[in-house]
Amino acid sequence: ENLFSKAFDSTKLEEDKERVRNHYQERGYFTARALDHTVTIRDVGGGKFRVPLFYMNRPGKRADITVPVEEGRQYRLNKINVVGMKLFRSPEPLIQQVFAMNEGDIFSTAKLRKGLENLRKLYGEFGYIDFVPEPSFDPQPNSDKIDMTLNVDEGKQFFVRRIDFSGNTTTRDKVIRREILLDEGDMFNTRLWEVSILRLNQLGYFEVLKENEAADIKRDTKTNTVDITLKVKERGKNQVQLNGGVSGIAGSFVGFAYSTNNFLGLGETLSLSTQLGDRTRDVTFGFTEPYFLDRPIQLGFTVYMQRFNFDQGREVSLLSGRNLIPIYESLGRDNLLNYVSNGRGFTVFASYPLKRSFARLGISYGFDKSKYTTLTTAAQQYFSFSNFQDLAGPNALTGITTSRIVPSYSYNTVDHPITPSRGRSLYISTSFAGSFLGGNVNMIEPTIDAKYFRAGFKKGHVIGMHALGRFVTGYGGKVAPPFNRFYMGGEQDVRGFEIWGISPIVFIPSEADVNVINDDGSARLQKVIVNGREEFAPV
C-alpha cells in the first residue's frame, strides 16, 4: 500500500501498476503483471454529527481501487550467455561477479540493473564510454528457470586529446590540473575522472562540482579522442574579521583575523589572527604550501604567541552569566587562584600521499616555551603543590619547554570540507614529547579521529557521525602538564556544555604519609617494641 499516493490521481494508476510489477520482478517473479484495475467512487461524510474545529465527518469523495495481480512463477537463474564481448577473454566469471548472481539464485531485476551499471563503469575505466549492454531473457517452459543473454556493443576506446577549464578567474590552471588524475594523451578512464572531481571538491575552492554536470565532454569518433572542458565556479577565498568589545566583567578587547585558502590563486593557505585584550592576548600566523616544488608534498608552519590572565572571580562570572567578582573579592584576594600564563612557540609539518590514493603520511614538530606568573598566595601554593613537571630550579612555574614530534596517518574521502554529503575520514597520530628532543616535558598522546557522512532520509538531508578518542600520559617520573590535558564542551565539541565545562577526572588523595619533626628540624623518634626489644624509629 505504500506504493500508492494518498490523493487519488487516475493518471498515476498505470505508473503505480508498473511499480507493483517491478516490486515482484525484483523478487524473482519475472512474468508477474498487474491486470486491468477497477475504481469505485463513493460519497462519504456529510452527516449531522460533527466535531467543531476538526475535519471529522466532512463531506467528500473516496476512491476504492482494485488491482488484480498475476504473480506467475518465481524464477531462478539457469545460465548467462554473453555475445559480442571482446575486451575480456573469459567473460562468464566476470559477469557472475558483476551481477552478483550465480546459477540457481533467484533472478532479481534489481541486481540486473545494478550489474548493468557496474558493467558500464567497468568498461568506462578502459575508455569505452559508449558501451551499450542489451539483455534478453528466455524463461524455460514448464520450469522455474530462466536464461539471460547479454548482447554487448563495446563501441570504441577513447583517449584524452585536450583538457580545458572555464570559470577559474583567480585559480591558476595548474592548481586544477594537478588534482586531475588524467592527462592529455591518456586513455579516458571514467573512474579516474570521478576521483578527480572528488579531489577538486575537497579543496573547497569552488562550488560543489557534480560529476555529470561539471564537464562538457566532446567525442571525435574519427580519431577516438575526447575534449574535456571543466566548468567551475569559484567560492570566496578570503575571509576578514574585525571584532571588539567592552565588558564590565571581561574588560575590553579588539580582534582581527584574515585567512585565505587560495593565496594568489596558487592553492596556498595563509592565515593571520590576533586578539588583544585585558583577558587574552593571542597572535597566530600560519602558511601552508600544498605542492612543494610542484610535487604533492604538503609543507607548512605556524608561529604563535599567547598570554592569558586568569582571574578566578572573573572566570566564574563569565561561565555563570552573573557578576560574582565582588563576592570573590570579599573572600580575600590572596585566597583566589589568579595567575598569568605566557607562551610562545611554533609548529612545522609535512605530509605526502600514498601513491594516487586518499591516504597520507605526515609528520610535524612543535616547540613551545611557557611560564606561569602567580598573582596570589593561593595560586603560588597550588602550583608549588602540584609541581606537575618536577622541574629543577627555584621556581617550577617557569622554564616549561615542550618539544614534541607527531607522526600521523590520514585517509579522507569526504567530498567537501564545508558542506560534506558523503565520504569518510580517519586520522591517527601519536605525539611524543621528551628530553630526548630538547624539552623538559615527558608526555605521550595518541589520538584517533573518525568521521562518516552519507545521504539521509530525503533529498538534501545528510547523516554525519564523528568519533574522537585521545589519551595523554607522562613518563619517566613526570606527569602531563595541566594545560595539555583534555577539557571538553562547547559548540565544536560536546554541545550543551560550556567551553571547558567538562574537565578530566583527577586523583585526589584521601590519605598521605606526613613526617613529624621537632622544632629544631630533626626527626621525632618514637619508641616501639620489636620482637620484645625497645627500638626508636622516626614518626
# chains A, B, ... in the order shown; residues from 1 in each chain; ligands from 1
>>> residues_around(residues="Tyr258 in chain A", least_positions_apart="5", cutoff="10 Å", atoms="only C-alpha atoms", output="list in words")
Asn238, Gln239, Val240, Gln241, Leu242, Leu270, Ser271, Leu272, Ser273, Thr274 and Phe285 of chain A
>>> select_by_dssp(residues="range 265-440 of chain A", states="strand (DSSP E or B)", output="PyMOL selection string")
chain A and resi 268-277+280-289+292+295+298-310+339-353+359-374+400-412+423-433
>>> write_last_selection(atoms="C-alpha atoms", output="CSV table (one decimal), in the first residue's frame")
chain,number,residue,atom,x,y,z
A,268,GLU,CA,48.3,28.1,-0.7
A,269,THR,CA,46.7,28.7,2.7
A,270,LEU,CA,47.6,31.9,4.6
A,271,SER,CA,46.1,32.9,8.0
A,272,LEU,CA,46.8,35.7,10.4
A,273,SER,CA,44.8,36.3,13.6
A,274,THR,CA,45.3,38.5,16.7
A,275,GLN,CA,43.3,39.3,19.7
A,276,LEU,CA,44.4,41.9,22.2
A,277,GLY,CA,42.6,42.5,25.5
A,280,THR,CA,43.6,37.3,26.4
A,281,ARG,CA,46.4,38.3,24.1
A,282,ASP,CA,46.9,36.0,21.2
A,283,VAL,CA,48.8,36.3,17.9
A,284,THR,CA,49.0,33.4,15.3
A,285,PHE,CA,50.4,33.3,11.8
A,286,GLY,CA,50.3,30.2,9.6
A,287,PHE,CA,51.2,29.3,6.0
A,288,THR,CA,50.7,26.0,4.0
A,289,GLU,CA,52.1,25.1,0.6
A,292,PHE,CA,56.2,22.0,-2.7
A,295,ARG,CA,55.3,17.8,-6.1
A,298,GLN,CA,52.5,19.5,1.7
A,299,LEU,CA,54.6,21.8,3.9
A,300,GLY,CA,53.5,24.4,6.4
A,301,PHE,CA,54.3,26.2,9.6
A,302,THR,CA,52.5,28.0,12.4
A,303,VAL,CA,54.0,30.6,14.8
A,304,TYR,CA,52.2,31.9,17.8
A,305,MET,CA,52.4,34.0,21.0
A,306,GLN,CA,49.7,33.9,23.7
A,307,ARG,CA,49.0,35.4,27.1
A,308,PHE,CA,46.1,34.6,29.3
A,309,ASN,CA,45.2,36.5,32.5
A,310,PHE,CA,43.2,34.1,34.7
A,339,TYR,CA,47.8,33.8,37.6
A,340,VAL,CA,49.1,34.8,34.2
A,341,SER,CA,50.2,32.3,31.6
A,342,ASN,CA,52.6,33.2,28.8
A,343,GLY,CA,53.6,31.0,25.9
A,344,ARG,CA,55.2,31.2,22.5
A,345,GLY,CA,56.2,28.6,20.0
A,346,PHE,CA,56.0,27.2,16.5
A,347,THR,CA,54.9,24.1,14.6
A,348,VAL,CA,56.3,22.8,11.2
A,349,PHE,CA,54.6,19.9,9.4
A,350,ALA,CA,54.9,17.9,6.2
A,351,SER,CA,52.8,15.2,4.6
A,352,TYR,CA,53.0,13.0,1.4
A,353,PRO,CA,50.2,10.9,-0.3
A,359,ALA,CA,45.8,8.3,2.3
A,360,ARG,CA,48.7,10.5,3.5
A,361,LEU,CA,51.6,10.0,5.9
A,362,GLY,CA,52.6,13.1,7.8
A,363,ILE,CA,55.0,14.3,10.5
A,364,SER,CA,55.1,17.5,12.4
A,365,TYR,CA,57.4,19.0,15.0
A,366,GLY,CA,56.3,21.6,17.7
A,367,PHE,CA,58.2,23.6,20.2
A,368,ASP,CA,56.6,25.5,23.0
A,369,LYS,CA,58.0,27.5,25.8
A,370,SER,CA,55.7,28.7,28.6
A,371,LYS,CA,55.7,30.1,32.1
A,372,TYR,CA,53.1,30.9,34.8
A,373,THR,CA,53.3,34.0,37.0
A,374,THR,CA,51.3,33.7,40.2
A,400,ILE,CA,58.5,24.8,30.9
A,401,THR,CA,59.7,23.6,27.5
A,402,THR,CA,57.7,21.2,25.4
A,403,SER,CA,59.4,19.7,22.3
A,404,ARG,CA,57.3,17.2,20.5
A,405,ILE,CA,57.2,15.2,17.3
A,406,VAL,CA,53.9,13.8,15.9
A,407,PRO,CA,53.8,11.1,13.2
A,408,SER,CA,50.4,10.7,11.6
A,409,TYR,CA,48.3,8.8,9.1
A,410,SER,CA,45.2,10.2,7.5
A,411,TYR,CA,42.6,9.0,5.0
A,412,ASN,CA,39.9,11.3,3.7
A,423,GLY,CA,32.6,10.1,2.4
A,424,ARG,CA,34.7,9.1,5.4
A,425,SER,CA,37.9,10.2,7.1
A,426,LEU,CA,40.3,8.7,9.6
A,427,TYR,CA,43.2,10.4,11.4
A,428,ILE,CA,45.6,8.5,13.6
A,429,SER,CA,48.6,10.2,15.3
A,430,THR,CA,50.8,9.8,18.4
A,431,SER,CA,52.6,12.8,20.0
A,432,PHE,CA,55.9,12.2,21.6
A,433,ALA,CA,57.4,14.9,23.9
>>> residues_around(residues="Gln25 in chain A", least_positions_apart="6", cutoff="10 Å", atoms="only C-alpha atoms", output="list in words")
Arg19, Thr31, Ala32, Arg33, Glu71, Gln74, Tyr75, Phe107, Ser108, Thr109 and Ala110 of chain A
>>> closest_residue(among="A:Leu375, A:Ile129, A:Val479, A:Val67", to="Glu18 in chain A", atoms="only C-alpha atoms")
A:Val67
>>> closest_residue(among="A:Gln97, A:Asn262, A:Ser166, A:Ser435", to="Thr229 in chain A", atoms="only C-alpha atoms")
A:Ser166
>>> atom_distance(atom1="CA of Arg21 in chain A", atom2="CA of Lys114 in chain A")
17.8 Å
>>> closest_residue(among="A:Phe131, A:Tyr452, A:Tyr123, A:Tyr291", to="Lys174 in chain A", atoms="only C-alpha atoms")
A:Tyr291
